[in-house]
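Peer 1: First the structure, which I've put down as structure tokens, then a few questions once you've had a look.
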Amino acid sequence: MVRVAIVGIGWYGFKPSVPELSFREMMFEASSRAYMDAGVDPRSDVDAFVSCQEDYWEGIAITDEFAPEPIGGVLRPTFTVAGDGLQGIAQAYMLIKTGYFDVVAVESHAKPSDVESLQEIYELAMDPHYIRPLGVANPFFMAGLDATAYLERTGATREHLAMVAAKNRNNGLLNPRASYASRVTVDEILDAEPAVYPLTRYEIASFADAAVVVVLASEEKARELTDTPVWLEGIGWATEAGTGSPEWHLWGMMPSMRVAADMAYSMAGISDPMGQTDFAEVEDRFSYAELVALEELRIAPESAAHKLLEQGVFDYQGRYPVNPSGGSLSMGVAFEATGLARLLEAVLQLRGEAGAHQLEGVERAVVASWRGPPTRTSMVAVLSV
Amino acid sequence: MSEKEKLPGHYLKSKEMYELPGLVEYRPRVRYRFSAGQAQTRFLEGLKEGKILGVKCPRCGRVYVPPRAYCEYCYAATSEWVELPGTGVIHTAVISYISTFRERMEKPEIVGVVRLDAPGYKEDSYEFAGLFHKLCGVTEEDVKTGRAIGMKVKPRWRPPEERVGDVNDIECFEPVVEG
Amino acid sequence: MKMNIHVKDRVAVVGAGITLFRRRLLETPRELAWEAAKMALDNAGLTLADIDCVVIGTAPDAFDGIHLNGEYLADGAGGYGKPTVRVYVGGGTGVFVPIAAWWHVASGLCNTVLAVAEEKMSPAHPHPQGVFAYIWDPVLERPLGPNLIWIFAMEMRRYMHRCGATKEDIALVSVKNKRNALDHPAAQAAANITVEDVLNSETLVWPVNRLDISPVSDGAAALILAREREARRITDTPVWVEGIGWSLDNTHWYNRELGYPRYVQYAARMAYRMAGIERPWKEIDVAEPYDPFDYKELHHIEGLMLARPCEAPKLLKEGWFDRDGELPTSPSGGLLGVGNPIAAAGLMKAAEIFWQLRYEAGRRQVKKPVHKGVAQAWGDLMQVGTVIVMSN
């Protein structure tokens with residue numbers, strides 16, 4: 001059995017805007033750091049390159065064209081995944097598992113500051129026949145519907161959602177990559193005008209320019225390259241109700257996260273995620289989504305995530321910290337690089353390189369992200385040292 | 001699957017498609033403001049001053065036009081800027097009778113790739129410094145007979161007051177008149 | 001990268017499906033994906049419950065006008081509740097979909113994979129060409145108002161110059177492929193035409209005339225891949241994936257020689273090495289090189305090392321690449337004849353190799369006995385080569 005390890009990681013940005021560099025130059029900066037970290041030369045040591053991006057985010061049809069140059073992938077096996085960076089990690093994992101590929105690099109980037117019309121792009125993800133003709137002004141209406149259904153189903157309240165936002169916004173204060181961290185209290189969040197009921201603006205993540213590059217290697221190669229490999233013990237991904245139409249959506253739930261988690265856990269031999277792992281980095285671009293995900297990840301029992309939250313279990317100082325980095329609420333949504341942002345934070349924690357927000361004695365982590373709506377794809381990874 | 005197989009799919013005539021009840025007309029309203037970045041910004045500033053700037057790889061010596069912040073072959077950061085004479089030869093040229101959106105144009109347009117005179121490349125190397133641009137003073141006949149390929153050309157600049165830091169600051173590339 | 005490794009389980013193609021390729025189809029993109037996927041499942045005698053993972057391919061989102069297009073297509077492609085991914089290498093996507101499906105299986109993660117490619121170009125209005133206005137570098141190229149055909153015309157012009165090929169030589173590809181397509185039930189542009197017909201068709205961007213180009217299409221295609229153990233259970237005639245390869249050249253297409261596609265050669269070398277092929281021109285029995293433009297087939301035959309550089313036009317004239325020739329190319333009818341729903345067209349080429357190697361191509365079956373075949377696609381800004389080698 002070939003084991004797969006993360007042997008290098010690099011990032012650039014995580015700011016509301018990076019005006020000094022083009023997206024390509026951001027890719028170069030992030031990949032330079034990742035290759036330096038891994039001690040590899042991309043022109044000779046990396047066997048394949050994966051770039052994760054979407055045409056409409058980039059404003060370029062066939063955005064794959066721009067993938068190879070800045071990451072050292074010219075005239076090499078380079079390809080694009082139209083998906084989150086963690087889906088790219090899954091491809092790299094499989095490539096290495098075939099035995100033909102020893103070292104694979106995964107890149108993703110986001111330049112939301114180049115986009116003048118994010119709302120319209122969200123609208124383009126909506127079904128052209130059922131949803132777009134309704135002309136709903138705010139594309140986050142789906143999050144509002146989903147959050148309401150979640151509250152209804154589990155008995156959680158708006159206070160719980162605000163607690164998630166307060167926890168993550170405050171956690172970010174110790175993280176240099178968290179541009180949107182803030183010393184905000186639960187009461188301040190509850191008193192704010194709802195943006196999309198029941199969510200206030202504190203509970204909806206803003207956007208960040210960022211690039212992240214990850215270098216993965218087979219065990220044999222990883223042992224040569226580094227003394228601190230982070231093992232990718234399991235990875236899972238799944239897509240859910242693909243109709244693009246809310247009638248078929250299971251509101252307040254994330255079935256794709258459950259499928260992805262079961263896949264990753266079975267690879268990693270995990271039956272009790274809270275008992276067998278030490279912390280989690282979970283996509284939280286909406287406050288409620290963290291709670292939904294924790295249940296689908298079986299870190300919290302069904303309908304009980306808000307109770308554990310109340311008890312402080314998920315706090316930075318808690319028994320099972322969730323998003324010690326501050327999550328997307330603090331770091332911003334970096335389009336398809338969002339999953340890699342979660343992965344980055346987990347890798348730094350496991351290596352003991354997280355700096356001011358370093359957790360103590362952590363050895364195993366769950367990383368979970370998702371993309372959408374309307375159709376969600378979720379990805380889950382289990383990492384260990 | 002032989003030629004006899006009956007395959008799924010229902011063909012529509014143009015008229016039928018536009019009469020379908022489910023046809024939703026939708027015009028995307030997406031807008032972007034692309035940041036050119038360090039390398040391209042410097043290049044565009046050069047164009048404004050009537051200069052074609054390239055950037056040199058410290059490892060292999062290739063000179064990149066258009067410039068990039070990194071050498072794609074050595075994966076090294078580039079930093080040394082060089083001004084090129086702007087002259088070059090036509091690598092390939094074509095005559096376009098249609099516009100971007102495939103409308104027939106009244107006057108055909110001749111466009112091509114210009115291989116610029118730049119240090120760092122062997123003659124006839126696969127790679128070269130070059131630009132994609134419009135060609136003027138090159139006739140349709142030149143393109144069709146192949147006379148155009150290899151023809152020596154130079155940029156025709158717009159007057160300084162009209163230059164804004166855009167690829168169109170070069171109006172086109174035109175043949176160098178010998179002597 | 002390691003080669004000649006000991007592989008426990010080989011990867012096989014066990015089923016294929018395809019829809020009609022047409023200028024406009026009634027079906028939505030999701031329905032097209034479903035129809036091709038269903039046909040492939042039926043062909044293999046499987047149901048969706050037998051499928052572990054799904055790989056989706058579709059080219060620019062702007063055709064469908066849908067953001068997160070992979071997610072949108074997922075249920076039609078059979079991806080609901082399954083590990084599903086959309087891979088993307090521009091026009092090269094069609095052949096890349098089975099390549100990605102290969103590593104899903106070869107990694108041991110999935111026993112069976114449904115590989116689906118779909119393209120619906122007709123929603124783009126008034127003409128799908130408009131979509132290609134957005135493929136260019138937004139700062140350096142878009143301000144010049146380019147048309148997609150320009151770059152291919154430039155490449156064709158360069159190829160003609162470098163190899164001394166004439167428009168007549170190149171038009172023969174269109175004649176051959178459109179004739180071959182007469183036997184393909186999905187074909188949109190099958191015809192018996194002559195070189196004169198090509199030369200007399202509308203000149204779009206000299207040297208490219210309308211009949212030098214494949215048509216705009218809607219359509220979908222699907223393949224099912226399985227690991228050896230499953231494959232043997234599913235069928236008596238699995239077709240093995242022997243090698244895969246791909247390569248992506250730089251973005252700056254105007255900084256390199258356009259007369260020869262080195263990226264196709266790099267991709268082919270990778271695939272041949274994996275397949276243990278040393279003399280492709282002798283060992284490959286049937287080929288489906290990517291032919292969205294007629295000169296492209298010649299260009300790619302040379303990139304695939306099935307002919308020496310600049311030798312393809314001469315061999316073509318001698319009938320070398322005909323269905324009853326020494327090395328038949330595009331026996332399906334190719335994109336020029338069957339049609340070009342971008343990602344689906346590439347997968348159609350891989351499917352044709354599958355049918356040829358199973359001797360199931362009916363009147364399209366090439367005359368010589370076949371053991372090994374290669375399918376290839378190409379895309380982006382004249383950058384991508386994707387290659388898959390199969391055997392029976």
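Residues in the structure tokens are named by chain (A, B, ... in the order shown) and by number from 1 within that chain; ligands are numbered from 1 in the order shown.
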What are the nearest atom pairs, with distances in Å to one decimal, for all residues of chain A that come at most 6 Å from chain C, using only C-alpha atoms, set out by chain and rising residue number as a Markdown table?

Peer 2:
```
| residue | atom | partner | partner_atom | distance |
| --- | --- | --- | --- | --- |
| A:Asp47 | CA | C:Met1 | CA | 5.5 |
| A:Ile60 | CA | C:Tyr134 | CA | 5.4 |
| A:Ala61 | CA | C:Ile135 | CA | 4.7 |
| A:Ile62 | CA | C:Pro60 | CA | 5.4 |
| A:Asp64 | CA | C:Val89 | CA | 5.9 |
| A:Glu65 | CA | C:Asp380 | CA | 5.3 |
| A:Phe66 | CA | C:Thr251 | CA | 5.8 |
| A:Glu69 | CA | C:Asn250 | CA | 5.9 |
| A:Val74 | CA | C:Asp249 | CA | 5.0 |
| A:Leu75 | CA | C:Asp249 | CA | 4.5 |
| A:Arg76 | CA | C:Ser247 | CA | 4.9 |
| A:Pro77 | CA | C:Ser247 | CA | 4.5 |
| A:Thr78 | CA | C:Leu248 | CA | 5.7 |
| A:Phe79 | CA | C:Val89 | CA | 5.8 |
| A:Thr80 | CA | C:Tyr88 | CA | 5.0 |
| A:Val81 | CA | C:Val87 | CA | 4.5 |
| A:Ala82 | CA | C:Arg86 | CA | 5.5 |
| A:Met94 | CA | C:Ser107 | CA | 5.1 |
| A:Leu95 | CA | C:Trp103 | CA | 6.0 |
| A:Lys97 | CA | C:Ser107 | CA | 4.7 |
| A:Thr98 | CA | C:Ser107 | CA | 4.2 |
| A:Tyr100 | CA | C:Lys2 | CA | 4.8 |
| A:Phe101 | CA | C:Met1 | CA | 5.0 |
| A:Asp102 | CA | C:Met1 | CA | 5.9 |
| A:Leu124 | CA | C:His67 | CA | 5.1 |
| A:Ala125 | CA | C:His67 | CA | 4.3 |
| A:Trp237 | CA | C:Pro83 | CA | 5.0 |
| A:Ala238 | CA | C:Pro83 | CA | 4.0 |
| A:Thr239 | CA | C:Gly81 | CA | 5.4 |
| A:Glu240 | CA | C:Gly81 | CA | 5.0 |
| A:Ala241 | CA | C:Tyr80 | CA | 5.8 |
| A:Gly242 | CA | C:Asp75 | CA | 4.6 |
| A:Gly244 | CA | C:Tyr72 | CA | 6.0 |
| A:Thr375 | CA | C:Glu71 | CA | 5.7 |
```

Peer 1: Please save C-alpha atoms of the selected residues as an mmCIF file, in the first residue's frame.

Peer 2:
```
data_model
loop_
_atom_site.group_PDB
_atom_site.id
_atom_site.type_symbol
_atom_site.label_atom_id
_atom_site.label_comp_id
_atom_site.auth_asym_id
_atom_site.auth_seq_id
_atom_site.Cartn_x
_atom_site.Cartn_y
_atom_site.Cartn_z
ATOM 1 C CA ASP A 47 5.223 14.412 -11.888
ATOM 2 C CA ILE A 60 -11.897 33.541 -18.732
ATOM 3 C CA ALA A 61 -13.522 30.827 -20.799
ATOM 4 C CA ILE A 62 -11.209 27.780 -20.699
ATOM 5 C CA ASP A 64 -7.126 26.014 -17.872
ATOM 6 C CA GLU A 65 -4.999 27.866 -20.440
ATOM 7 C CA PHE A 66 -3.421 29.935 -17.699
ATOM 8 C CA GLU A 69 3.257 28.686 -16.521
ATOM 9 C CA VAL A 74 4.662 23.863 -18.760
ATOM 10 C CA LEU A 75 4.998 20.816 -21.044
ATOM 11 C CA ARG A 76 4.286 18.587 -18.092
ATOM 12 C CA PRO A 77 1.163 16.675 -17.133
ATOM 13 C CA THR A 78 -0.934 19.612 -15.923
ATOM 14 C CA PHE A 79 -4.710 19.697 -15.765
ATOM 15 C CA THR A 80 -7.606 21.519 -14.190
ATOM 16 C CA VAL A 81 -10.339 20.364 -11.866
ATOM 17 C CA ALA A 82 -13.434 22.521 -12.074
ATOM 18 C CA MET A 94 -5.270 8.826 -6.630
ATOM 19 C CA LEU A 95 -2.451 9.658 -9.045
ATOM 20 C CA LYS A 97 -1.846 5.622 -5.444
ATOM 21 C CA THR A 98 -1.542 4.309 -9.008
ATOM 22 C CA TYR A 100 3.180 5.847 -11.477
ATOM 23 C CA PHE A 101 3.345 9.286 -9.860
ATOM 24 C CA ASP A 102 5.660 10.094 -6.968
ATOM 25 C CA LEU A 124 -25.311 31.933 -13.174
ATOM 26 C CA ALA A 125 -25.042 28.891 -10.925
ATOM 27 C CA TRP A 237 -15.836 13.601 -1.956
ATOM 28 C CA ALA A 238 -19.405 13.503 -3.228
ATOM 29 C CA THR A 239 -21.974 15.550 -5.085
ATOM 30 C CA GLU A 240 -25.595 15.813 -4.065
ATOM 31 C CA ALA A 241 -29.030 16.518 -5.545
ATOM 32 C CA GLY A 242 -27.814 17.729 -8.862
ATOM 33 C CA GLY A 244 -30.023 22.851 -9.402
ATOM 34 C CA THR A 375 -25.721 21.879 -5.947
#
```

Peer 1: Hey, could you make a per-residue contact list for chain B against chain A with 8 Å as the cut-off, showing the nearest pair of atoms and its distance in Å to one decimal, counting only C-alpha atoms, sorted by chain and number, as a Markdown table?

Peer 2:
```
| residue | atom | partner | partner_atom | distance |
| --- | --- | --- | --- | --- |
| B:Gly22 | CA | A:His129 | CA | 7.4 |
| B:Val24 | CA | A:His129 | CA | 6.5 |
| B:Tyr26 | CA | A:Pro128 | CA | 7.9 |
| B:Pro28 | CA | A:Glu120 | CA | 7.3 |
| B:Arg29 | CA | A:Glu120 | CA | 6.2 |
| B:Val30 | CA | A:Ser117 | CA | 5.5 |
| B:Arg31 | CA | A:Glu116 | CA | 5.3 |
| B:Tyr32 | CA | A:Val115 | CA | 4.4 |
| B:Arg33 | CA | A:Asp114 | CA | 4.9 |
| B:Phe34 | CA | A:Asp114 | CA | 5.3 |
| B:Ser35 | CA | A:Ser22 | CA | 5.4 |
| B:Ala36 | CA | A:Ser22 | CA | 5.5 |
| B:Gly37 | CA | A:Ser22 | CA | 4.0 |
| B:Gln38 | CA | A:Leu21 | CA | 6.0 |
| B:Ala69 | CA | A:Glu25 | CA | 6.7 |
| B:Tyr70 | CA | A:Pro70 | CA | 7.0 |
| B:Glu72 | CA | A:Glu69 | CA | 5.1 |
| B:Tyr73 | CA | A:Val74 | CA | 7.1 |
| B:Cys74 | CA | A:Arg43 | CA | 6.9 |
| B:Tyr75 | CA | A:Gly72 | CA | 5.7 |
```

Peer 1: Limited to N, CA and C atoms, could you put the picked residues into a file as a PDB file, in the first residue's frame?

Peer 2:
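Result file is selection.pdb:
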```
ATOM      1  N   GLY B  22     -40.167  26.273 -23.344  1.00  0.00           N
ATOM      2  CA  GLY B  22     -39.223  26.359 -22.226  1.00  0.00           C
ATOM      3  C   GLY B  22     -38.026  27.251 -22.487  1.00  0.00           C
ATOM      4  N   VAL B  24     -35.670  30.045 -22.308  1.00  0.00           N
ATOM      5  CA  VAL B  24     -35.476  31.211 -21.440  1.00  0.00           C
ATOM      6  C   VAL B  24     -34.350  32.054 -22.023  1.00  0.00           C
ATOM      7  N   TYR B  26     -31.537  34.669 -21.603  1.00  0.00           N
ATOM      8  CA  TYR B  26     -30.774  35.122 -20.448  1.00  0.00           C
ATOM      9  C   TYR B  26     -29.459  35.731 -20.915  1.00  0.00           C
ATOM     10  N   PRO B  28     -25.976  37.047 -19.521  1.00  0.00           N
ATOM     11  CA  PRO B  28     -25.127  37.192 -18.330  1.00  0.00           C
ATOM     12  C   PRO B  28     -24.642  38.635 -18.190  1.00  0.00           C
ATOM     13  N   ARG B  29     -24.642  39.113 -16.962  1.00  0.00           N
ATOM     14  CA  ARG B  29     -24.203  40.493 -16.745  1.00  0.00           C
ATOM     15  C   ARG B  29     -22.926  40.512 -15.916  1.00  0.00           C
ATOM     16  N   VAL B  30     -22.057  39.561 -16.193  1.00  0.00           N
ATOM     17  CA  VAL B  30     -20.847  39.493 -15.378  1.00  0.00           C
ATOM     18  C   VAL B  30     -19.829  40.525 -15.856  1.00  0.00           C
ATOM     19  N   ARG B  31     -19.158  41.134 -14.900  1.00  0.00           N
ATOM     20  CA  ARG B  31     -18.164  42.158 -15.215  1.00  0.00           C
ATOM     21  C   ARG B  31     -16.900  41.920 -14.382  1.00  0.00           C
ATOM     22  N   TYR B  32     -15.766  42.221 -14.972  1.00  0.00           N
ATOM     23  CA  TYR B  32     -14.498  42.013 -14.281  1.00  0.00           C
ATOM     24  C   TYR B  32     -13.624  43.258 -14.466  1.00  0.00           C
ATOM     25  N   ARG B  33     -12.617  43.353 -13.599  1.00  0.00           N
ATOM     26  CA  ARG B  33     -11.619  44.400 -13.733  1.00  0.00           C
ATOM     27  C   ARG B  33     -10.282  43.711 -13.510  1.00  0.00           C
ATOM     28  N   PHE B  34      -9.654  43.272 -14.590  1.00  0.00           N
ATOM     29  CA  PHE B  34      -8.475  42.415 -14.459  1.00  0.00           C
ATOM     30  C   PHE B  34      -7.249  43.218 -14.059  1.00  0.00           C
ATOM     31  N   SER B  35      -6.584  42.798 -12.995  1.00  0.00           N
ATOM     32  CA  SER B  35      -5.312  43.441 -12.672  1.00  0.00           C
ATOM     33  C   SER B  35      -4.232  42.794 -13.525  1.00  0.00           C
ATOM     34  N   ALA B  36      -3.453  43.641 -14.191  1.00  0.00           N
ATOM     35  CA  ALA B  36      -2.462  43.135 -15.137  1.00  0.00           C
ATOM     36  C   ALA B  36      -1.260  42.532 -14.415  1.00  0.00           C
ATOM     37  N   GLY B  37      -1.017  42.967 -13.176  1.00  0.00           N
ATOM     38  CA  GLY B  37       0.120  42.448 -12.429  1.00  0.00           C
ATOM     39  C   GLY B  37       1.398  43.195 -12.766  1.00  0.00           C
ATOM     40  N   GLN B  38       2.496  42.776 -12.108  1.00  0.00           N
ATOM     41  CA  GLN B  38       3.735  43.544 -12.219  1.00  0.00           C
ATOM     42  C   GLN B  38       4.339  43.500 -13.613  1.00  0.00           C
ATOM     43  N   ALA B  69       6.571  37.362 -14.890  1.00  0.00           N
ATOM     44  CA  ALA B  69       7.339  37.538 -13.658  1.00  0.00           C
ATOM     45  C   ALA B  69       8.245  36.352 -13.374  1.00  0.00           C
ATOM     46  N   TYR B  70       8.119  35.293 -14.199  1.00  0.00           N
ATOM     47  CA  TYR B  70       8.844  34.059 -13.927  1.00  0.00           C
ATOM     48  C   TYR B  70       9.205  33.432 -15.265  1.00  0.00           C
ATOM     49  N   GLU B  72       9.100  30.307 -17.425  1.00  0.00           N
ATOM     50  CA  GLU B  72       8.284  29.098 -17.368  1.00  0.00           C
ATOM     51  C   GLU B  72       9.098  27.823 -17.597  1.00  0.00           C
ATOM     52  N   TYR B  73      10.299  27.954 -18.121  1.00  0.00           N
ATOM     53  CA  TYR B  73      11.114  26.759 -18.336  1.00  0.00           C
ATOM     54  C   TYR B  73      12.027  26.468 -17.143  1.00  0.00           C
ATOM     55  N   CYS B  74      12.584  27.546 -16.544  1.00  0.00           N
ATOM     56  CA  CYS B  74      13.487  27.334 -15.403  1.00  0.00           C
ATOM     57  C   CYS B  74      12.763  27.486 -14.081  1.00  0.00           C
ATOM     58  N   TYR B  75      11.571  28.046 -14.107  1.00  0.00           N
ATOM     59  CA  TYR B  75      10.844  28.349 -12.891  1.00  0.00           C
ATOM     60  C   TYR B  75      11.673  29.253 -11.982  1.00  0.00           C
TER      61      TYR B  75
END
```

Peer 1: Run DSSP on the backbone and grab whatever in region 198-286 of chain A lands in strand (DSSP E or B); send it over as a PyMOL selection string.

Peer 2: chain A and resi 199-200+204+207+209-218+230-239+279-282+286

Peer 1: Got a sec to pull out which chain C residues are within 7 Å of chain B, counting only C-alpha atoms, and send them as a VMD selection string?

Peer 2: chain C and resid 18 to 20 22 24 to 27 35 127 129 to 130 133 139 to 140 145 to 147 150 153 to 154 157 to 158 161 183 to 186 204 to 207 254 to 257 355 360 to 363

Peer 1: Keeping N, CA and C atoms for every residue in the selection just given, could you write it to a file as a short mmCIF file (atom, residue, chain, number, x, y, z; two decimals), in the first residue's frame?

Peer 2:
```cif
data_model
loop_
_atom_site.label_atom_id
_atom_site.label_comp_id
_atom_site.auth_asym_id
_atom_site.auth_seq_id
_atom_site.Cartn_x
_atom_site.Cartn_y
_atom_site.Cartn_z
N ILE C 18 -23.47 6.86 -26.71
CA ILE C 18 -23.34 8.14 -27.42
C ILE C 18 -24.73 8.60 -27.86
N THR C 19 -24.95 9.91 -27.87
CA THR C 19 -26.20 10.45 -28.41
C THR C 19 -25.96 10.89 -29.85
N LEU C 20 -27.01 11.31 -30.50
CA LEU C 20 -26.85 11.98 -31.78
C LEU C 20 -26.00 13.23 -31.56
N ARG C 22 -25.81 16.89 -33.05
CA ARG C 22 -26.58 17.75 -33.93
C ARG C 22 -26.35 19.21 -33.59
N ARG C 24 -28.62 21.41 -33.01
CA ARG C 24 -29.51 21.74 -31.90
C ARG C 24 -30.25 20.49 -31.48
N LEU C 25 -30.23 20.19 -30.21
CA LEU C 25 -31.00 19.06 -29.71
C LEU C 25 -32.02 19.55 -28.70
N LEU C 26 -33.11 18.83 -28.61
CA LEU C 26 -34.17 19.20 -27.67
C LEU C 26 -33.72 19.02 -26.22
N GLU C 27 -32.89 18.01 -25.95
CA GLU C 27 -32.52 17.66 -24.59
C GLU C 27 -31.70 18.76 -23.92
N GLU C 35 -28.64 10.40 -21.25
CA GLU C 35 -28.88 9.48 -22.37
C GLU C 35 -27.61 8.71 -22.75
N HIS C 127 -24.26 33.33 -31.80
CA HIS C 127 -23.40 32.27 -32.34
C HIS C 127 -22.41 31.84 -31.27
N GLN C 129 -19.54 31.09 -31.41
CA GLN C 129 -18.23 31.72 -31.59
C GLN C 129 -18.01 32.84 -30.59
N GLY C 130 -19.10 33.50 -30.19
CA GLY C 130 -18.99 34.62 -29.25
C GLY C 130 -18.33 34.20 -27.95
N ALA C 133 -14.65 34.61 -27.54
CA ALA C 133 -14.08 35.94 -27.32
C ALA C 133 -13.45 36.03 -25.94
N VAL C 139 -5.77 41.05 -20.94
CA VAL C 139 -5.04 42.31 -21.03
C VAL C 139 -4.37 42.47 -22.40
N LEU C 140 -3.73 41.40 -22.88
CA LEU C 140 -2.88 41.55 -24.06
C LEU C 140 -3.55 41.13 -25.37
N GLY C 145 -9.51 42.22 -30.41
CA GLY C 145 -10.75 41.71 -31.00
C GLY C 145 -10.58 40.45 -31.80
N PRO C 146 -9.92 39.44 -31.23
CA PRO C 146 -9.64 38.24 -32.02
C PRO C 146 -10.86 37.34 -32.21
N ASN C 147 -10.81 36.56 -33.27
CA ASN C 147 -11.79 35.50 -33.51
C ASN C 147 -11.06 34.18 -33.33
N TRP C 150 -8.96 32.68 -36.04
CA TRP C 150 -7.67 33.30 -36.35
C TRP C 150 -6.51 32.41 -35.95
N ALA C 153 -6.16 29.37 -38.03
CA ALA C 153 -5.71 29.74 -39.37
C ALA C 153 -4.21 30.03 -39.35
N MET C 154 -3.77 30.71 -38.28
CA MET C 154 -2.34 31.03 -38.18
C MET C 154 -1.51 29.76 -38.07
N ARG C 157 -1.59 28.04 -41.48
CA ARG C 157 -0.72 28.74 -42.42
C ARG C 157 0.74 28.37 -42.16
N ARG C 158 1.09 28.30 -40.89
CA ARG C 158 2.46 27.98 -40.52
C ARG C 158 2.80 26.54 -40.92
N HIS C 161 3.38 26.35 -44.56
CA HIS C 161 4.67 26.94 -44.91
C HIS C 161 5.81 25.98 -44.57
N ASP C 183 -21.08 6.33 -42.22
CA ASP C 183 -21.42 5.08 -41.54
C ASP C 183 -21.55 5.26 -40.03
N HIS C 184 -21.55 6.50 -39.56
CA HIS C 184 -21.66 6.73 -38.11
C HIS C 184 -23.07 7.22 -37.79
N PRO C 185 -23.81 6.46 -36.96
CA PRO C 185 -25.22 6.84 -36.73
C PRO C 185 -25.40 8.16 -35.99
N ALA C 186 -24.36 8.67 -35.32
CA ALA C 186 -24.50 9.95 -34.62
C ALA C 186 -24.20 11.14 -35.53
N LEU C 204 -13.42 31.82 -44.42
CA LEU C 204 -13.67 32.54 -43.16
C LEU C 204 -12.45 33.36 -42.79
N VAL C 205 -11.35 32.67 -42.59
CA VAL C 205 -10.08 33.32 -42.31
C VAL C 205 -9.06 32.57 -43.16
N TRP C 206 -8.65 33.18 -44.27
CA TRP C 206 -7.74 32.46 -45.14
C TRP C 206 -6.53 32.01 -44.35
N PRO C 207 -6.11 30.76 -44.41
CA PRO C 207 -6.47 29.69 -45.34
C PRO C 207 -7.64 28.78 -44.91
N TYR C 254 1.91 32.52 -29.09
CA TYR C 254 2.65 33.30 -30.08
C TYR C 254 4.11 33.44 -29.70
N ASN C 255 4.57 32.61 -28.76
CA ASN C 255 5.98 32.53 -28.41
C ASN C 255 6.55 31.17 -28.77
N ARG C 256 5.88 30.46 -29.68
CA ARG C 256 6.44 29.15 -30.06
C ARG C 256 6.08 28.77 -31.51
N GLU C 257 6.85 27.85 -32.03
CA GLU C 257 6.67 27.34 -33.39
C GLU C 257 5.28 26.71 -33.51
N TRP C 355 -14.83 0.56 -29.87
CA TRP C 355 -15.64 -0.25 -30.79
C TRP C 355 -14.76 -0.94 -31.84
N GLU C 360 -16.70 -4.07 -33.35
CA GLU C 360 -18.14 -3.80 -33.28
C GLU C 360 -18.53 -2.58 -34.11
N ALA C 361 -17.63 -2.11 -34.95
CA ALA C 361 -17.89 -0.83 -35.61
C ALA C 361 -18.69 -1.00 -36.91
N GLY C 362 -19.14 -2.20 -37.21
CA GLY C 362 -19.97 -2.40 -38.40
C GLY C 362 -19.25 -1.98 -39.66
N ARG C 363 -19.91 -1.15 -40.44
CA ARG C 363 -19.29 -0.73 -41.71
C ARG C 363 -18.09 0.19 -41.49
#
```

Peer 1: List the neighbours of region 8-15 of chain C out to 7 Å using only C-alpha atoms; skip same-chain residues closer than 3 positions along the sequence, and give me the result as a list in words.

Peer 2: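 After dropping sequence-adjacent residues, the list is Ala40, Leu41, Asn43, Ala44, Trp102, Val105, Ala106, Leu223, Ile224, Leu225, Ala226, Arg227, Glu228, Ala231, Thr235, Pro238, Val239, Trp240 and Val241 of chain C.
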
Peer 1: If I take CA of Thr338 (chain A) and CA of Glu107 (chain A), how far is one from the other in Å, to one decimal?

Peer 2: 11.4 Å

Peer 1: What lies within 8 Å of Cys136 (chain B) using only C-alpha atoms, ignoring chain neighbours under 4 positions off, as a PyMOL selection string?

Peer 2: chain B and resi 110+172-175

Peer 1: Mind checking which residues fall within 10 Å of Glu49 (chain B), counting only C-alpha atoms, ignoring those fewer than 2 positions away in the same chain, and posting them as a PyMOL selection string?

Peer 2: chain B and resi 43-47+51-52+157+160+163-165+169

Peer 1: Using only C-alpha atoms, which of C:Gly333, C:Gly346, C:Pro143, C:Pro292 sits nearest Val175 (chain C)?

Peer 2: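 Using only C-alpha atoms, the shortest distance to Val175 (chain C) belongs to C:Gly333.
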
Peer 1: Leaving out region 260-276 of chain A and any residue of its chain fewer than 2 positions from it, which residues lie within 9 Å of it when counting only C-alpha atoms, given as a ChimeraX atom specification?

Peer 2: /A:232-239,255-258,278-279,296-300,320,364-366,368,378-383 /C:82-83
